[in-house]
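Novice: So here's final_4.cif (mmCIF, C-alpha atoms and all ligand atoms).
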```
data_target
#
loop_
_atom_site.label_atom_id
_atom_site.label_comp_id
_atom_site.auth_asym_id
_atom_site.auth_seq_id
_atom_site.Cartn_x
_atom_site.Cartn_y
_atom_site.Cartn_z
CA MET B 39 13.16 -14.35 -3.39
CA ALA B 40 11.93 -16.41 -0.53
CA ASN B 41 11.66 -20.13 -1.05
CA MET B 42 8.04 -20.31 0.09
CA ARG B 43 4.66 -20.88 -1.56
CA ARG B 44 2.41 -19.42 1.10
CA PHE B 45 -0.26 -18.14 -1.31
CA GLU B 46 -0.79 -21.14 -3.61
CA GLY B 47 -4.36 -21.10 -4.96
CA GLN B 48 -5.06 -17.63 -3.59
CA VAL B 49 -6.07 -14.46 -5.40
CA ALA B 50 -4.66 -11.05 -4.46
CA LEU B 51 -5.55 -7.53 -5.56
CA VAL B 52 -2.90 -4.81 -5.23
CA THR B 53 -4.00 -1.22 -5.82
CA GLY B 54 -1.39 1.06 -7.35
CA GLY B 55 0.46 -2.15 -8.18
CA ALA B 56 2.29 -0.96 -11.30
CA THR B 57 5.12 0.83 -9.49
CA GLY B 58 7.15 1.01 -6.29
CA VAL B 59 5.94 -0.87 -3.23
CA GLY B 60 2.80 -2.09 -5.03
CA TYR B 61 4.83 -3.64 -7.83
CA ALA B 62 7.26 -5.29 -5.39
CA THR B 63 4.27 -6.64 -3.44
CA ALA B 64 2.59 -8.01 -6.57
CA SER B 65 5.87 -9.68 -7.48
CA ARG B 66 6.37 -11.16 -4.01
CA LEU B 67 2.80 -12.49 -3.66
CA ALA B 68 2.93 -13.97 -7.18
CA SER B 69 6.34 -15.54 -6.51
CA GLU B 70 4.71 -17.35 -3.60
CA GLY B 71 1.92 -18.77 -5.74
CA ALA B 72 -0.83 -16.12 -5.70
CA LYS B 73 -2.72 -15.07 -8.79
CA VAL B 74 -2.34 -11.30 -8.65
CA VAL B 75 -4.45 -8.54 -10.12
CA ILE B 76 -2.83 -5.13 -10.14
CA THR B 77 -4.98 -2.08 -10.63
CA GLY B 78 -4.25 1.57 -11.24
CA ARG B 79 -5.12 4.49 -13.47
CA ARG B 80 -2.11 4.39 -15.78
CA ALA B 81 -2.74 1.62 -18.33
CA ASP B 82 0.74 1.97 -19.88
CA LEU B 83 2.46 1.36 -16.53
CA GLY B 84 0.00 -1.32 -15.43
CA GLU B 85 0.24 -3.33 -18.62
CA ALA B 86 4.04 -3.08 -18.69
CA ALA B 87 4.26 -4.25 -15.06
CA ALA B 88 1.93 -7.20 -15.65
CA ARG B 89 3.86 -8.14 -18.79
CA THR B 90 7.22 -8.10 -16.98
CA LEU B 91 5.91 -10.29 -14.17
CA THR B 92 4.13 -12.65 -16.54
CA GLU B 93 7.40 -13.10 -18.45
CA GLN B 94 8.95 -14.19 -15.15
CA GLY B 95 6.38 -16.98 -15.04
CA PHE B 96 4.00 -15.35 -12.58
CA ALA B 97 0.20 -15.16 -12.84
CA VAL B 98 -0.27 -11.40 -12.88
CA GLU B 99 -2.72 -9.25 -14.81
CA TYR B 100 -3.54 -5.57 -14.92
CA THR B 101 -7.05 -4.19 -14.80
CA ALA B 102 -7.76 -0.48 -15.07
CA GLY B 103 -9.13 1.19 -11.96
CA ASP B 104 -9.22 4.41 -9.98
CA VAL B 105 -9.65 3.68 -6.27
CA SER B 106 -11.00 7.17 -5.60
CA ASP B 107 -13.99 6.54 -7.88
CA GLU B 108 -16.71 4.32 -6.41
CA LEU B 109 -17.98 3.20 -9.81
CA SER B 110 -14.49 2.31 -10.97
CA VAL B 111 -13.87 0.32 -7.77
CA SER B 112 -17.07 -1.58 -8.36
CA GLY B 113 -15.78 -2.42 -11.87
CA ILE B 114 -12.46 -3.72 -10.45
CA PHE B 115 -14.22 -6.09 -8.06
CA THR B 116 -16.74 -7.27 -10.66
CA HIS B 117 -13.76 -8.15 -12.83
CA VAL B 118 -12.04 -10.05 -10.00
CA GLU B 119 -15.21 -11.95 -9.17
CA ARG B 120 -15.94 -12.89 -12.80
CA SER B 121 -12.36 -13.90 -13.57
CA TYR B 122 -11.42 -15.74 -10.38
CA GLY B 123 -14.61 -16.22 -8.31
CA ARG B 124 -12.77 -15.30 -5.13
CA LEU B 125 -10.49 -12.81 -3.41
CA ASP B 126 -8.13 -13.76 -0.59
CA ILE B 127 -5.87 -10.72 -0.20
CA LEU B 128 -6.40 -7.00 -0.74
CA VAL B 129 -3.46 -4.59 -0.49
CA ASN B 130 -4.64 -0.97 -0.25
CA ASN B 131 -1.46 0.60 -1.58
CA ALA B 132 -2.52 3.35 -4.02
CA ALA B 133 -1.62 6.90 -3.03
CA ALA B 134 -0.45 10.16 -4.50
CA PHE B 135 1.68 12.86 -2.92
CA GLN B 136 2.55 16.38 -3.99
CA PRO B 137 4.35 18.55 -1.41
CA ILE B 138 2.28 21.62 -0.58
CA ARG B 139 2.38 24.06 2.31
CA PHE B 140 -0.75 24.05 4.46
CA LEU B 141 -1.75 27.64 3.63
CA GLY B 142 -1.40 26.89 -0.07
CA ALA B 143 -3.45 23.70 0.05
CA ASP B 144 -6.71 24.50 -1.72
CA ARG B 145 -9.74 22.27 -1.47
CA ALA B 146 -8.87 20.36 -4.65
CA ALA B 147 -5.37 19.44 -3.46
CA TRP B 148 -6.74 18.42 -0.06
CA ARG B 149 -9.58 16.35 -1.55
CA LYS B 150 -7.38 14.57 -4.06
CA VAL B 151 -5.23 13.03 -1.34
CA PHE B 152 -8.20 12.12 0.85
CA ASP B 153 -10.14 10.73 -2.11
CA ILE B 154 -7.35 8.29 -2.96
CA ILE B 155 -6.03 7.32 0.48
CA VAL B 156 -9.11 7.45 2.71
CA ASP B 157 -12.09 7.04 0.37
CA GLY B 158 -10.12 4.59 -1.79
CA THR B 159 -9.36 2.41 1.23
CA TYR B 160 -13.00 2.61 2.31
CA PHE B 161 -14.38 1.65 -1.15
CA CYS B 162 -11.90 -1.18 -1.72
CA THR B 163 -12.11 -2.61 1.81
CA GLN B 164 -15.90 -2.70 1.71
CA ALA B 165 -16.01 -4.30 -1.75
CA ALA B 166 -13.27 -6.80 -0.87
CA ALA B 167 -14.91 -7.82 2.40
CA GLN B 168 -18.22 -8.39 0.62
CA LEU B 169 -16.54 -10.60 -1.97
CA MET B 170 -14.60 -12.52 0.69
CA ILE B 171 -17.72 -13.07 2.79
CA ALA B 172 -19.80 -14.18 -0.23
CA ASN B 173 -17.19 -16.83 -1.03
CA ARG B 174 -16.50 -17.81 2.61
CA ILE B 175 -12.88 -16.73 2.36
CA GLN B 176 -10.85 -15.99 5.50
CA GLY B 177 -9.45 -12.89 3.82
CA ARG B 178 -6.62 -10.60 4.69
CA ILE B 179 -6.45 -6.87 4.06
CA ILE B 180 -3.23 -4.87 4.33
CA ASN B 181 -3.22 -1.07 4.32
CA VAL B 182 -0.02 0.62 3.21
CA SER B 183 0.39 3.65 5.43
CA SER B 184 3.21 5.96 6.44
CA ILE B 185 5.03 6.89 9.62
CA ASN B 186 3.95 10.41 8.63
CA GLY B 187 0.58 9.49 10.10
CA ALA B 188 2.25 9.86 13.50
CA ARG B 189 4.53 12.83 13.02
CA ALA B 190 4.45 16.39 11.74
CA LEU B 191 6.36 17.01 8.56
CA GLU B 192 6.35 20.17 6.48
CA GLU B 193 4.39 20.43 3.25
CA SER B 194 2.39 17.27 3.83
CA SER B 195 -0.50 18.10 6.18
CA HIS B 196 -3.03 16.61 3.71
CA TYR B 197 -1.08 13.36 3.31
CA ASN B 198 -0.25 13.03 7.02
CA ALA B 199 -3.89 13.54 8.02
CA ALA B 200 -5.05 11.02 5.40
CA LYS B 201 -2.56 8.38 6.59
CA ILE B 202 -3.59 8.59 10.23
CA ALA B 203 -7.20 8.27 9.04
CA MET B 204 -6.12 5.15 7.16
CA ASP B 205 -4.53 3.74 10.34
CA GLN B 206 -7.77 4.31 12.19
CA LEU B 207 -9.62 2.48 9.42
CA THR B 208 -7.14 -0.38 9.86
CA ARG B 209 -7.97 -0.66 13.56
CA SER B 210 -11.73 -0.17 13.21
CA THR B 211 -12.20 -2.53 10.26
CA ALA B 212 -9.98 -5.11 11.98
CA LEU B 213 -12.46 -5.10 14.85
CA GLU B 214 -15.61 -5.34 12.74
CA LEU B 215 -14.36 -7.71 10.03
CA MET B 216 -12.93 -10.27 12.46
CA ASP B 217 -16.50 -11.54 12.88
CA GLU B 218 -16.26 -12.55 9.23
CA GLY B 219 -12.84 -14.15 9.62
CA ILE B 220 -11.02 -11.31 7.85
CA ARG B 221 -7.76 -10.00 9.31
CA VAL B 222 -6.88 -6.36 8.68
CA ASN B 223 -3.41 -4.91 9.34
CA GLY B 224 -1.21 -2.13 8.07
CA VAL B 225 2.39 -1.15 7.51
CA ALA B 226 3.70 2.34 8.30
CA LEU B 227 6.53 2.89 5.85
CA GLY B 228 9.45 5.24 6.36
CA PHE B 229 11.66 6.37 3.48
CA ILE B 230 11.34 3.81 0.68
CA ASP B 231 13.15 4.24 -2.62
CA THR B 232 10.23 4.46 -5.13
CA PRO B 233 8.87 6.90 -7.73
CA MET B 234 7.00 8.69 -4.91
CA SER B 235 10.27 9.52 -3.17
CA VAL B 236 11.60 11.42 -6.19
CA VAL B 237 10.96 15.11 -5.53
CA ASP B 238 11.66 17.62 -8.30
CA GLY B 239 13.60 14.95 -10.17
CA VAL B 240 15.88 14.19 -7.21
CA LYS B 241 15.82 10.97 -5.20
CA GLU B 242 15.05 11.84 -1.57
CA HIS B 243 17.75 9.61 -0.13
CA GLU B 244 20.40 11.24 -2.33
CA THR B 245 19.70 14.75 -1.03
CA GLU B 246 22.07 16.55 1.33
CA TRP B 247 19.37 16.85 4.03
CA PHE B 248 18.62 13.13 3.95
CA GLN B 249 22.28 12.19 4.09
CA SER B 250 23.07 14.54 6.98
CA ILE B 251 19.97 14.20 9.18
CA TYR B 252 18.73 10.70 8.49
CA ALA B 253 21.92 8.86 7.53
CA ALA B 254 24.99 10.52 9.11
CA ARG B 255 23.26 11.59 12.33
CA GLY B 256 21.39 8.31 12.53
CA LYS B 257 17.81 9.61 12.74
CA ILE B 258 17.09 6.44 10.80
CA ILE B 259 18.80 3.85 12.98
CA GLN B 260 19.78 1.80 9.92
CA ARG B 261 21.10 5.02 8.26
CA ARG B 262 19.57 4.35 4.84
CA SER B 263 16.32 4.35 2.92
CA GLY B 264 14.50 1.07 2.36
CA GLN B 265 13.89 -0.85 -0.83
CA PRO B 266 10.36 -1.63 -2.06
CA GLU B 267 11.10 -5.35 -1.65
CA GLU B 268 11.74 -4.79 2.08
CA ALA B 269 8.23 -3.35 2.43
CA ALA B 270 6.75 -6.08 0.23
CA GLY B 271 8.23 -8.80 2.45
CA VAL B 272 6.39 -7.44 5.49
CA ILE B 273 3.14 -7.00 3.55
CA ALA B 274 3.40 -10.63 2.38
CA PHE B 275 4.11 -11.72 5.96
CA LEU B 276 0.94 -9.93 7.16
CA ALA B 277 -1.03 -11.60 4.36
CA SER B 278 0.27 -15.03 5.35
CA GLU B 279 -0.60 -17.53 8.05
CA ASP B 280 2.72 -16.62 9.69
CA ALA B 281 0.84 -13.55 10.95
CA SER B 282 -2.23 -15.49 12.11
CA TYR B 283 -2.23 -13.78 15.53
CA ILE B 284 -1.64 -10.22 14.29
CA CYS B 285 -4.78 -8.16 13.91
CA GLY B 286 -5.41 -4.40 13.75
CA ALA B 287 -1.67 -3.67 13.92
CA VAL B 288 0.21 -1.04 11.96
CA LEU B 289 3.80 -2.31 11.78
CA PRO B 290 6.56 0.25 11.21
CA VAL B 291 8.88 -0.57 8.29
CA ASP B 292 11.22 2.37 8.58
CA GLY B 293 14.73 1.27 9.55
CA GLY B 294 14.06 2.53 13.09
CA LEU B 295 13.04 6.10 12.22
CA SER B 296 9.93 6.05 14.40
CA VAL B 297 12.07 5.03 17.39
CA THR B 298 14.07 8.28 17.23
CA PHE B 299 11.11 10.68 16.81
N1 LIG B 301 8.03 5.82 -0.88
C1 LIG B 301 7.97 6.18 0.37
O1 LIG B 301 8.94 6.71 0.94
C2 LIG B 301 6.71 5.95 1.16
C3 LIG B 301 6.72 6.30 2.51
C4 LIG B 301 5.60 6.08 3.26
C5 LIG B 301 4.48 5.51 2.69
N2 LIG B 301 4.48 5.18 1.37
C6 LIG B 301 3.25 4.60 0.82
O2 LIG B 301 3.56 3.47 0.02
C7 LIG B 301 2.50 3.29 -0.93
C8 LIG B 301 3.12 3.04 -2.29
O3 LIG B 301 3.79 4.20 -2.73
P1 LIG B 301 5.17 4.14 -3.51
O4 LIG B 301 6.19 4.77 -2.66
O5 LIG B 301 5.38 2.79 -4.04
O6 LIG B 301 4.90 5.22 -4.68
P2 LIG B 301 4.31 5.05 -6.13
O7 LIG B 301 3.98 6.43 -6.58
O8 LIG B 301 5.22 4.24 -6.97
O9 LIG B 301 2.98 4.18 -5.92
C9 LIG B 301 1.68 4.68 -5.81
C10 LIG B 301 0.83 4.04 -6.88
O10 LIG B 301 -0.55 4.39 -6.69
C11 LIG B 301 -1.10 4.67 -7.96
N3 LIG B 301 -2.28 5.51 -7.84
C12 LIG B 301 -2.34 6.83 -7.54
N4 LIG B 301 -3.61 7.25 -7.53
C13 LIG B 301 -4.38 6.16 -7.80
C14 LIG B 301 -5.77 5.95 -7.91
N5 LIG B 301 -6.65 6.95 -7.74
N6 LIG B 301 -6.22 4.69 -8.19
C15 LIG B 301 -5.35 3.68 -8.36
N7 LIG B 301 -4.01 3.82 -8.27
C16 LIG B 301 -3.54 5.05 -8.00
C17 LIG B 301 0.05 5.34 -8.72
O11 LIG B 301 -0.16 5.34 -10.12
C18 LIG B 301 1.22 4.48 -8.28
O12 LIG B 301 1.34 3.34 -9.12
C19 LIG B 301 1.64 4.54 -0.86
O13 LIG B 301 0.49 4.26 -0.10
C20 LIG B 301 2.52 5.53 -0.13
O14 LIG B 301 1.78 6.51 0.55
C21 LIG B 301 5.58 5.39 0.59
#
```
How does this structure look as structure tokens?

Specialist:
Amino acid sequence: MANMRRFEGQVALVTGGATGVGYATASRLASEGAKVVITGRRADLGEAAARTLTEQGFAVEYTAGDVSDELSVSGIFTHVERSYGRLDILVNNAAAFQPIRFLGADRAAWRKVFDIIVDGTYFCTQAAAQLMIANRIQGRIINVSSINGARALEESSHYNAAKIAMDQLTRSTALELMDEGIRVNGVALGFIDTPMSVVDGVKEHETEWFQSIYAARGKIIQRRSGQPEEAAGVIAFLASEDASYICGAVLPVDGGLSVTF
């Protein structure tokens, strides 16, 4: 844990914050002084995550929310406003991924991914910006994207298309929200060891194809997958004043994978 308190007195909302990168981000922001609200659809996971972090002495709570549902998003932000009266940091992290070949992707599978990643980012960014502006907060918004937004990968056309749409939202909202003093940036993650990277019960980075292509042959320059904390550190950096001159950027956090495309 870094020996810094960059977010003292600030309030952060992390979507999909009960697991993986979202959980590590909630933990990191809270460890640096932020009051953190994690939201997600699974109350059991959300409450357990908030409890674990609270037991570590951090100010973290869970509130139920589905980012793909406009009404639910409105409820999340009403809760944040009533409980804290401000929002400084939004991390648009929620996503879902099920591998599916393009020809097998029916409308429902396609919509589900877009509803969470693209519509969810739109709903939350708009609501967060309104709350930040109303309270004269120089807010920061960080979108958690994927290097898959910039490359073709089998069985993920829906997800890849949604992530590049998210990157475009990062750039476009960065431009428009700067007038209000809000900085928007993103991270494009490579292989990170989280629940999402477990496919059919097997951890991606333990598969033969990962070990041979990405590790042994060095397609990932660092020859390994990343840990959620390594993504969280960059998200916290973007949310901090250390990144005061970074705006509209989507930083790769991928051990060098995007360099060898
Ligand atoms: N793990 C990787 O290798 C990897 C690679 C690239 C990008 N990412 C991105 O990182 C982010 C975090 O994913 P992760 O790897 O930690 O996986 P994860 O599955 O642990 O996290 C995703 C979280 O989003 C939540 N969620 C799903 N639908 C939601 C909804 N409608 N409303 C609210 N919450 C919802 C899930 O319950 C889960 O807690 C995602 O945006 C993902 O696309 C991950």

Novice: If I take atom CA of Lys257 of chain B and atom CA of Ala62 of chain B, how far is one from the other in Å, to one decimal?

Specialist: 25.7 Å

Novice: Could you give me, as JSON lines, a per-residue list for segment 166-242 of chain B showing, wherever an atom lies at most 10 Å from an atom of segment 109-117 of chain B, the closest pair of atoms and their distance in Å to one decimal, using all atoms listed in the file and sorting by chain then residue number from low to high?

Specialist:
```
{"residue": "B:Ala166", "atom": "CA", "partner": "B:Phe115", "partner_atom": "CA", "distance": 7.3}
{"residue": "B:Gln168", "atom": "CA", "partner": "B:Phe115", "partner_atom": "CA", "distance": 9.8}
{"residue": "B:Leu169", "atom": "CA", "partner": "B:Phe115", "partner_atom": "CA", "distance": 7.9}
```

Novice: Store the residues picked out above in a file with C-alpha atoms, as a PDB file, keeping the file's coordinate frame.

Specialist:
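Generated file (out.pdb):
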```
ATOM      1  CA  ALA B 166     -13.270  -6.800  -0.870  1.00  0.00           C
ATOM      2  CA  GLN B 168     -18.220  -8.390   0.620  1.00  0.00           C
ATOM      3  CA  LEU B 169     -16.540 -10.600  -1.970  1.00  0.00           C
TER       4      LEU B 169
END
```

Novice: Write out as a ChimeraX atom specification each polymer residue whose atoms come within 10 Å of Arg80 of chain B, counting only C-alpha atoms; drop sequence neighbours fewer than 2 positions from it.

Specialist: /B:54,56,77-78,82-85,101-104

Novice: Pick out the residues no farther than 7 Å from ligand LIG 301 (chain B), counting all atoms listed in the file, and list them as JSON, numbers by chain.

Specialist: {"B": [53, 54, 55, 56, 57, 58, 59, 60, 77, 78, 79, 80, 103, 104, 105, 106, 131, 132, 133, 134, 154, 182, 183, 184, 185, 226, 227, 228, 229, 230, 231, 232, 233, 234, 235, 266]}

Novice: Please provide the set of residues having any atom within 12 Å of Asp153 of chain B, restricted to all atoms listed in the file, with same-chain residues fewer than 4 positions apart removed, written as a list in words.

Specialist: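 Near Asp153 of chain B, the qualifying residues are Asp104, Val105, Ser106, Asp107, Glu108, Ala132, Ala133, Ala134, Arg145, Ala146, Ala147, Trp148, Arg149, Asp157, Gly158, Thr159, Tyr160, Phe161, His196, Tyr197, Ala200, Lys201, Ala203 and Met204 of chain B.
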
Novice: Rounded to one decimal in Å, what is the spacing between atom CA of Ala72 of chain B and atom CA of Thr208 of chain B?

Specialist: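 Atom CA of Thr208 of chain B lies 23.0 Å from atom CA of Ala72 of chain B.
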
Novice: Using Å and a single decimal, report how far atom CA of Val129 of chain B sits from atom CA of Arg174 of chain B.

Specialist: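 Answer for the atom CA of Arg174 of chain B to atom CA of Val129 of chain B separation: 18.8 Å.
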
Novice: Looking at all atoms listed in the file, which of B:Ala143, B:Ala64, B:Ala277, B:Val288 is the one that sits closest to Val52 of chain B?

Specialist: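 Of all the options, B:Ala64 lies closest to Val52 of chain B.
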
Novice: Between B:Leu207, B:Ile180, B:Met170, B:Ile220, which one has atoms that come closest to Leu289 of chain B, using all atoms listed in the file?

Specialist: B:Ile180

Novice: Nearest to Cys162 of chain B: which of B:Phe140, B:Arg89, B:Pro290, B:Leu128 is it, counting only C-alpha atoms?

Specialist: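 Closest to Cys162 of chain B of all the choices is B:Leu128.
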
Novice: Calculated over all atoms listed in the file, which of the candidates B:Val49, B:Val240, B:Ala269, B:Val98 has the smallest distance to Gln176 of chain B?

Specialist: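 Among the listed residues, the smallest separation from Gln176 of chain B belongs to B:Val49.
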
Novice: Nearest residue to Thr63 of chain B out of B:Ile76, B:Ser250, B:Ala86, B:Asp238, using all atoms listed in the file?

Specialist: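 Selected residue with least distance to Thr63 of chain B: B:Ile76.
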
Novice: List every residue of segment 103-182 of chain B that has an atom at most 10 Å from any atom of segment 187-192 of chain B, giving for each one its closest atom pair and the distance in Å to one decimal, counting only C-alpha atoms, sorted by chain and then by ascending residue number, as a tab-separated table.

Specialist:
```
residue	atom	partner	partner_atom	distance
B:Pro137	CA	B:Glu192	CA	8.3
B:Ile138	CA	B:Glu192	CA	8.3
B:Arg139	CA	B:Glu192	CA	6.9
B:Phe140	CA	B:Glu192	CA	8.3
```

Novice: With only C-alpha atoms as the atoms that count, which of B:Gly47, B:Gly123, B:Gly95, B:Gly293 lies nearest to Ser65 of chain B?

Specialist: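 The shortest atom-to-atom distance to Ser65 of chain B comes from B:Gly95.
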
Novice: Quick one: residues within 8 Å of Ile259 of chain B, all atoms listed in the file, excluding same-chain residues fewer than 3 positions away - as a PyMOL selection string?

Specialist: chain B and resi 256+293-295+298
